[in-house]
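J.: Here you go, one structure.
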Amino acid sequence: TMAQTFYGHFYIEHNRGHHVRVATPEDPASSRFGENFWTFLPRSVFGSLKSAWELEATRLRRADKPVFHPSNDVLNAWAMSIVLWGGLTAIFGWQILPFVAIQAVYGFSLLETVNYLEHYGLLRQKNERGRYERCTPQHSWNSDHICTNIFLYHLQ
């Protein structure tokens, strides 16, 4: 589903990085208190990309595989985007590329807008052992209202 936005690394980082580090300073996808969206966006985009690559490299290293391996999920996600964008270019010509690029930036920016809103200013505290407290409902925005669910595709 992220192939059209060339943002497939989000799947890896969001599930294995963000869900572990949510509402901590180590999480690039948790907005800080007082941070505006335009400061958050590049930190989240580039921080998430870096995190996804590091998480996947660690996974492959543990499996005794090189980082540039066919089972690298970041590379596989990007390959899906290349195939999709290549197919669209083959069908509609190179002129479609600016439109595809614009919709990609718009698409992942909307996704990051949701990340910004869901975690704005929320911070888990460290306990006496120096570990972060367990993540609870107070560490993310959540809404089970029908209108919110429809507009956000049950994202929360």
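Quick note on naming: the chains in the structure tokens go A, B, ... in the order shown, residues restart at 1 in each chain, and ligands are numbered from 1 in order of appearance.
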Show which residues sit within 6 Å of segment 15-31 of chain A, as a count of residues only. Count only C-alpha atoms, and ignore same-chain residues fewer than 6 positions away.

T.: 8

J.: I'd like to know which of A:Ile91, A:Ala52, A:Ala104, A:Val45 is closest to Leu75 of chain A, using only C-alpha atoms.

T.: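 Using only C-alpha atoms, the shortest distance to Leu75 of chain A belongs to A:Ala52.
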
J.: If I take atom CA of Leu49 of chain A and atom CA of Ile102 of chain A, how far is one from the other in Å, to one decimal?

T.: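 Computed distance, atom CA of Leu49 of chain A to atom CA of Ile102 of chain A, equals 18.9 Å.
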